[in-house]
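S.K.: One structure, pasted below without further comment.
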Amino acid sequence: MKHILGVTALIVAITLAAWTWLGRSFDQLVPLRASEESFFIDRLLGMQFYVIAFLFALIISFMLYSIIAFRRKPGENGDGDYFHSNTTLEIMWTVVPLGVVLYFAVVGAGYLGDITAPEPNEMVVQVTGSQWNWRFDYPRFGISSAELNLPKNQQTVLEISSIDVIHSFWVPEFRVKQDAVPGMVHPLRITPTETGAYVVRCAEICGKDHAYMLANVNVMEPADFETWVRAQVAPPTGGLADAGHDIAEINGCLGCHSVDGSIITGPSWLGLFGETVQLADGSMVVADEAYVINSILNPGEQIVAGFEDVSMPANFGAVLSEEDLEALVAYIASLSTHESEE
Ligand code: CUA
């Protein structure tokens with residue numbers, strides 16, 4: 001009886017200490033809560049922390065108490081007492097954890113239903129991952145963007161997909177996460193509650209530049225969001241080459257192709273147009289419009305010598321329209337150092 005009381009006192013003390021610390025520091029342990037969904041996730045996480053803190057106290061208390069109270073004394077050389085079984089104890093340590101796990105299952109299922117429920121006027125944003133870029137399309141406004149801009153307090157459904165391998169869309173401040181799987185569209189609903197700048201990370205190993213597969217996320221006041229949309233919808237003022245630069249940015253081309261002559265993953269676009277290019281099979285080709293378009297649509301066909309390790313997605317044909325391709329060619333041509341080329 002003395003031992004039971006001693007252990008119980010230790011369990012209560014350690015549990016209360018851990019709970020006090022958790023209550024004070026939980027918000028420092030997690031990122032900012034910037035979406036409605038994050039409150040559900042953090043409530044669930046918080047409840048689990050409290051249960052785990054108690055389990056920690058339970059195990060540590062028995063260990064510490066036994067080390068001190070049941071220490072072998074000098075001259076004590078016999079075996080310890082032999083225990084058989086304790087049915088009451090065994091039923092308890094089966095039924096109690098079962099109840100706790102079932103409770104979390106029910107609460108978790110309820111929260112999952114809450115955070116995935118569509119609201120009537122949700123905004124759709126199509127999110128497309130590729131090695132190693134995020135692209136955002138707003139079908140309601142007919143615009144595409146390299147950054148994810150969202151109005152505050154408006155539910156948005158992100159329709160997440162990929163054009164090459166599996167990626168995963170994750171903004172820690174929103175808490176929820178969804179895989180981007182080629183050939184499939186997975187919805188992820190977010191209602192941002194805090195204006196600010198965040199970063200979407202790729203949370204699935206997807207190749208060499210996985211760690212750098214980032215994009216800016218901006219949560220704006222609804223009026224600022226409208227201003228941004230209006231600016232995007234306005235016809236481009238800079239001509240075809242400028243439009244091509246935007247398309248290259250949105251689709252992540254510039255992550256692999258520099259425009260200053262440096263080599264990233266693919267050949268630089270500076271001074272490319274109109275040049276004669278040596279291919280890996282030894283043949284030579286002039287980098288004209290037909291070559292550029294074929295290299296975008298079929299990156300495995302005319303491989304430039306020195307770039308045999310082709311990692312460019314092979315299905316930009318499904319993403320880029322004919323006008324997009326024309327604009328891209330115009331942009332690449334504008335980087336030409338050739339006098340006579342258009
Ligand atoms: Cu995309 Cu990791």
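In the structure tokens, the first chain shown is A, the next is B, and so on; residue numbers restart at 1 for each chain, and ligands run from 1 in the order shown.
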What does the list of residues within 9 Å of ligand 1 look like if you count only C-alpha atoms and all ligand atoms, written as a list in words?
M.R.: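 Listed by chain and ascending number, the contacts are Gly129, Ser130, Gln131, Trp132, Asn133, Trp134, Val165, Ile166, His167, Ser168, Phe169, Ala180, Arg201, Cys202, Ala203, Glu204, Ile205, Cys206, Gly207, Lys208, Asp209, His210, Ala211, Tyr212, Met213 and Leu214 of chain A.
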S.K.: Can you list, as a PyMOL selection string, all residues belonging to segment 46-295 of chain A that DSSP tags as helix (DSSP H, G or I)?
M.R.: chain A and resi 46-69+87-116+172-174+210-212+222-233+240-250+253-255+289-295
S.K.: For Arg43 of chain A, which residue among A:Leu335, A:Val107, A:Ile11, A:Val329 is the nearest when counting only C-alpha atoms?
M.R.: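 Answer, going by the shortest atom-to-atom distance: A:Val107.
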S.K.: Nearest to Thr195 of chain A among A:Ser61, A:Asn218, A:Ser25, A:Gln302, with distances taken over only C-alpha atoms: which residue is it?
M.R.: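 Comparing A:Ser61, A:Asn218, A:Ser25, A:Gln302 against Thr195 of chain A, the winner is A:Asn218.
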S.K.: Which of segment 47-144 of chain A end up as strand (DSSP E) when DSSP is run on this backbone - answer as a PyMOL selection string?
M.R.: chain A and resi 123-130+133-138+143-144
S.K.: When you count only C-alpha atoms, which of these residues is closest to Ala327 of chain A: A:Gly300, A:Gly23, A:Gly239, A:Gly255?
M.R.: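 Ranking A:Gly300, A:Gly23, A:Gly239, A:Gly255 by distance to Ala327 of chain A, first place goes to A:Gly239.
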S.K.: Neighbouring residues of Leu44 of chain A were defined as those with any atom within 12 Å, considering only C-alpha atoms; residues of the same chain fewer than 3 positions away were excluded. Please report them as a compact mmCIF listing (two decimals) with C-alpha atoms, in the first residue's frame.
M.R.:
# COMPACT_ATOMS: atom_id res chain seq x y z
CA GLU A 37 -8.75 23.98 -40.39
CA SER A 38 -5.68 24.64 -38.24
CA PHE A 39 -7.86 25.11 -35.13
CA PHE A 40 -9.39 21.63 -35.50
CA ILE A 41 -6.00 20.01 -36.09
CA MET A 47 -5.64 16.49 -26.67
CA GLN A 48 -3.18 13.82 -27.77
CA PHE A 49 -0.29 15.72 -26.16
CA TYR A 50 -2.15 15.64 -22.82
CA VAL A 51 -2.82 11.89 -23.05
CA TYR A 103 -12.66 8.35 -28.50
CA PHE A 104 -9.93 9.88 -30.69
CA ALA A 105 -11.26 8.00 -33.73
CA VAL A 106 -14.75 9.46 -33.24
CA VAL A 107 -13.52 13.01 -32.54
CA GLY A 108 -11.02 12.79 -35.45
CA ALA A 109 -13.70 11.58 -37.89
CA GLY A 110 -15.97 14.44 -36.80
CA TYR A 111 -13.19 17.01 -37.36
CA LEU A 112 -12.31 15.48 -40.73
CA ARG A 175 -1.93 22.44 -41.23
S.K.: Between atom CA of Tyr291 of chain A and atom CA of Val277 of chain A, what distance in Å does the model show, to one decimal?
M.R.: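 Taking atom CA of Tyr291 of chain A as the start and atom CA of Val277 of chain A as the end point, the length is 10.0 Å.
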S.K.: Would you list the contacts of segment 137-141 of chain A as a PyMOL selection string, taking every protein, DNA or RNA residue within 7 Å and counting only C-alpha atoms, but skipping same-chain residues closer than 6 positions in sequence?
M.R.: chain A and resi 124-127
S.K.: Could you check which of A:Ile293, A:Ala333, A:Val7, A:Ile143 is closest to Ile67 of chain A, using only C-alpha atoms?
M.R.: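 Answer, going by the shortest atom-to-atom distance: A:Val7.
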S.K.: For Ala290 of chain A, please output as a short mmCIF file (atom, residue, chain, number, x, y, z; two decimals) with all heavy atoms, in the first residue's frame all residues within 12 Å (counting only C-alpha atoms; exclusion window: fewer than 2 positions along the same chain).
M.R.:
data_model
loop_
_atom_site.label_atom_id
_atom_site.label_comp_id
_atom_site.auth_asym_id
_atom_site.auth_seq_id
_atom_site.Cartn_x
_atom_site.Cartn_y
_atom_site.Cartn_z
N PHE A 273 18.51 31.27 -79.24
CA PHE A 273 17.70 31.30 -80.46
C PHE A 273 18.56 31.69 -81.67
O PHE A 273 19.29 32.68 -81.64
CB PHE A 273 16.54 32.29 -80.30
CG PHE A 273 15.40 32.00 -81.22
CD1 PHE A 273 14.45 31.05 -80.90
CD2 PHE A 273 15.28 32.67 -82.43
CE1 PHE A 273 13.39 30.77 -81.76
CE2 PHE A 273 14.23 32.40 -83.30
CZ PHE A 273 13.28 31.45 -82.97
N GLY A 274 18.48 30.88 -82.72
CA GLY A 274 19.23 31.17 -83.94
C GLY A 274 20.61 30.56 -83.95
O GLY A 274 21.27 30.51 -84.99
N VAL A 285 21.87 21.20 -85.12
CA VAL A 285 20.55 21.70 -85.46
C VAL A 285 20.50 23.18 -85.14
O VAL A 285 21.15 23.64 -84.20
CB VAL A 285 19.44 20.92 -84.72
CG1 VAL A 285 19.57 21.08 -83.21
CG2 VAL A 285 18.06 21.35 -85.17
N VAL A 286 19.77 23.92 -85.98
CA VAL A 286 19.61 25.36 -85.71
C VAL A 286 18.44 25.54 -84.74
O VAL A 286 17.37 24.97 -84.93
CB VAL A 286 19.37 26.14 -87.02
CG1 VAL A 286 19.05 27.61 -86.71
CG2 VAL A 286 20.59 26.06 -87.92
N ALA A 287 18.66 26.32 -83.69
CA ALA A 287 17.62 26.53 -82.69
C ALA A 287 16.60 27.53 -83.21
O ALA A 287 16.60 28.70 -82.86
CB ALA A 287 18.24 27.02 -81.37
N ASP A 288 15.71 27.04 -84.09
CA ASP A 288 14.65 27.90 -84.62
C ASP A 288 13.34 27.61 -83.89
O ASP A 288 13.32 26.86 -82.91
CB ASP A 288 14.50 27.68 -86.13
CG ASP A 288 14.26 26.21 -86.46
OD1 ASP A 288 14.06 25.40 -85.51
OD2 ASP A 288 14.26 25.87 -87.65
N VAL A 292 12.63 24.81 -80.90
CA VAL A 292 12.27 25.21 -79.53
C VAL A 292 10.96 24.54 -79.13
O VAL A 292 10.84 23.96 -78.04
CB VAL A 292 12.15 26.75 -79.43
CG1 VAL A 292 11.51 27.15 -78.10
CG2 VAL A 292 13.54 27.39 -79.55
N ILE A 293 9.96 24.58 -80.02
CA ILE A 293 8.66 23.99 -79.69
C ILE A 293 8.79 22.49 -79.48
O ILE A 293 8.24 21.92 -78.53
CB ILE A 293 7.62 24.34 -80.78
CG1 ILE A 293 7.31 25.85 -80.69
CG2 ILE A 293 6.34 23.52 -80.60
CD1 ILE A 293 6.28 26.34 -81.66
N ASN A 294 9.55 21.83 -80.37
CA ASN A 294 9.73 20.37 -80.21
C ASN A 294 10.45 20.05 -78.90
O ASN A 294 10.13 19.06 -78.23
CB ASN A 294 10.52 19.82 -81.40
CG ASN A 294 10.56 18.29 -81.37
OD1 ASN A 294 9.54 17.64 -81.19
ND2 ASN A 294 11.77 17.73 -81.49
N SER A 295 11.39 20.90 -78.50
CA SER A 295 12.13 20.64 -77.26
C SER A 295 11.24 20.82 -76.03
O SER A 295 11.44 20.17 -75.01
CB SER A 295 13.32 21.60 -77.15
OG SER A 295 14.23 21.35 -78.20
N ILE A 296 10.22 21.71 -76.16
CA ILE A 296 9.29 21.89 -75.03
C ILE A 296 8.34 20.69 -74.95
O ILE A 296 8.09 20.16 -73.87
CB ILE A 296 8.49 23.20 -75.20
CG1 ILE A 296 9.42 24.42 -75.13
CG2 ILE A 296 7.41 23.30 -74.11
CD1 ILE A 296 8.76 25.73 -75.51
N LEU A 297 7.81 20.29 -76.12
CA LEU A 297 6.78 19.25 -76.13
C LEU A 297 7.37 17.86 -76.01
O LEU A 297 6.78 16.97 -75.39
CB LEU A 297 5.93 19.35 -77.40
CG LEU A 297 5.17 20.68 -77.56
CD1 LEU A 297 4.35 20.67 -78.84
CD2 LEU A 297 4.27 20.95 -76.36
N ASN A 298 8.56 17.63 -76.59
CA ASN A 298 9.20 16.31 -76.57
C ASN A 298 10.64 16.43 -76.10
O ASN A 298 11.58 16.29 -76.87
CB ASN A 298 9.17 15.68 -77.98
CG ASN A 298 7.77 15.70 -78.57
OD1 ASN A 298 6.84 15.13 -78.01
ND2 ASN A 298 7.62 16.38 -79.69
N GLN A 302 15.32 15.79 -79.09
CA GLN A 302 16.56 16.43 -79.58
C GLN A 302 17.36 16.87 -78.35
O GLN A 302 17.25 18.01 -77.91
CB GLN A 302 16.20 17.63 -80.46
CG GLN A 302 15.55 17.22 -81.77
CD GLN A 302 15.06 18.43 -82.55
OE1 GLN A 302 14.17 19.15 -82.09
NE2 GLN A 302 15.65 18.68 -83.71
N LEU A 325 2.90 28.63 -76.34
CA LEU A 325 4.14 28.20 -77.01
C LEU A 325 4.69 29.34 -77.85
O LEU A 325 5.90 29.62 -77.84
CB LEU A 325 3.86 26.97 -77.88
CG LEU A 325 3.59 25.67 -77.11
CD1 LEU A 325 3.13 24.58 -78.06
CD2 LEU A 325 4.85 25.22 -76.37
N GLU A 326 3.79 30.04 -78.56
CA GLU A 326 4.21 31.16 -79.41
C GLU A 326 4.89 32.24 -78.56
O GLU A 326 5.93 32.78 -78.94
CB GLU A 326 2.96 31.75 -80.06
CG GLU A 326 3.08 31.98 -81.55
CD GLU A 326 1.72 32.37 -82.10
OE1 GLU A 326 1.40 33.58 -82.03
OE2 GLU A 326 0.98 31.47 -82.54
N VAL A 329 8.33 31.11 -77.42
CA VAL A 329 9.31 31.23 -78.50
C VAL A 329 9.72 32.70 -78.64
O VAL A 329 10.91 33.02 -78.76
CB VAL A 329 8.74 30.69 -79.83
CG1 VAL A 329 9.66 31.04 -80.99
CG2 VAL A 329 8.52 29.18 -79.75
#
S.K.: Take atom CA of Glu308 of chain A and atom CA of Ala146 of chain A and report the distance between them in Å, one decimal.
M.R.: 28.1 Å
S.K.: I want to know what sits within 9 Å of Leu22 of chain A, based on only C-alpha atoms, with residues of the same chain fewer than 3 positions away left out; could you give that as a PDB file with N, CA and C atoms, in the first residue's frame?
M.R.:
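Written file, result_13.pdb:
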ATOM      1  N   ALA A  17       3.005  18.531 -13.815  1.00  0.00           N
ATOM      2  CA  ALA A  17       4.114  19.368 -14.292  1.00  0.00           C
ATOM      3  C   ALA A  17       4.113  19.416 -15.821  1.00  0.00           C
ATOM      4  N   ALA A  18       3.929  18.240 -16.459  1.00  0.00           N
ATOM      5  CA  ALA A  18       3.938  18.182 -17.926  1.00  0.00           C
ATOM      6  C   ALA A  18       2.753  18.960 -18.499  1.00  0.00           C
ATOM      7  N   TRP A  19       1.575  18.834 -17.861  1.00  0.00           N
ATOM      8  CA  TRP A  19       0.398  19.552 -18.371  1.00  0.00           C
ATOM      9  C   TRP A  19       0.562  21.054 -18.232  1.00  0.00           C
ATOM     10  N   SER A  25       3.311  26.268 -23.240  1.00  0.00           N
ATOM     11  CA  SER A  25       4.183  26.355 -24.422  1.00  0.00           C
ATOM     12  C   SER A  25       3.611  25.745 -25.693  1.00  0.00           C
ATOM     13  N   PHE A  26       2.348  25.275 -25.667  1.00  0.00           N
ATOM     14  CA  PHE A  26       1.807  24.638 -26.885  1.00  0.00           C
ATOM     15  C   PHE A  26       1.902  25.561 -28.098  1.00  0.00           C
ATOM     16  N   ASP A  27       1.524  26.845 -27.918  1.00  0.00           N
ATOM     17  CA  ASP A  27       1.518  27.753 -29.057  1.00  0.00           C
ATOM     18  C   ASP A  27       2.914  28.047 -29.591  1.00  0.00           C
ATOM     19  N   GLY A  46      -3.465  18.833 -29.458  1.00  0.00           N
ATOM     20  CA  GLY A  46      -3.350  19.215 -28.056  1.00  0.00           C
ATOM     21  C   GLY A  46      -3.875  18.116 -27.141  1.00  0.00           C
ATOM     22  N   PHE A  49      -1.453  15.350 -26.988  1.00  0.00           N
ATOM     23  CA  PHE A  49      -0.295  15.721 -26.163  1.00  0.00           C
ATOM     24  C   PHE A  49      -0.583  15.456 -24.685  1.00  0.00           C
ATOM     25  N   TYR A  50      -1.811  15.818 -24.228  1.00  0.00           N
ATOM     26  CA  TYR A  50      -2.145  15.638 -22.821  1.00  0.00           C
ATOM     27  C   TYR A  50      -2.195  14.161 -22.443  1.00  0.00           C
ATOM     28  N   ALA A  53       1.363  12.900 -22.371  1.00  0.00           N
ATOM     29  CA  ALA A  53       2.068  13.384 -21.176  1.00  0.00           C
ATOM     30  C   ALA A  53       1.738  12.504 -19.975  1.00  0.00           C
TER      31      ALA A  53
END
S.K.: Which residue is closest to Gln278 of chain A? Choose from A:Val95, A:Ile303, A:Leu320, A:Cys256 and count only C-alpha atoms.
M.R.: A:Ile303
S.K.: For Lys152 of chain A, work out the shell of residues within 8 Å, counting only C-alpha atoms and skipping chain neighbours fewer than 3 positions away, then give it as an mmCIF file with C-alpha atoms, in the first residue's frame.
M.R.:
data_model
loop_
_atom_site.group_PDB
_atom_site.id
_atom_site.type_symbol
_atom_site.label_atom_id
_atom_site.label_comp_id
_atom_site.auth_asym_id
_atom_site.auth_seq_id
_atom_site.Cartn_x
_atom_site.Cartn_y
_atom_site.Cartn_z
ATOM 1 C CA THR A 191 -10.300 28.921 -45.334
ATOM 2 C CA PRO A 192 -7.430 31.306 -44.477
ATOM 3 C CA THR A 193 -8.022 33.403 -41.378
ATOM 4 C CA GLU A 194 -4.799 35.433 -41.106
ATOM 5 C CA THR A 195 -3.426 37.772 -43.765
ATOM 6 C CA VAL A 219 -3.394 35.686 -47.833
ATOM 7 C CA MET A 220 -4.922 39.092 -48.599
ATOM 8 C CA GLU A 221 -7.879 41.203 -47.553
ATOM 9 C CA PRO A 222 -10.692 40.524 -50.077
#
S.K.: So the first atom is atom CA of Gln155 of chain A and the second is atom CA of Ala318 of chain A; what is the distance between them in Å, to one decimal place?
M.R.: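 Answer for the atom CA of Gln155 of chain A to atom CA of Ala318 of chain A separation: 28.1 Å.
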S.K.: Select, from A:Val319, A:Ala234, A:Val310, A:Val199, the residue with the minimum atom-to-atom distance to Ile250 of chain A, counting only C-alpha atoms.
M.R.: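 Among the listed residues, A:Val319 lies closest to Ile250 of chain A.
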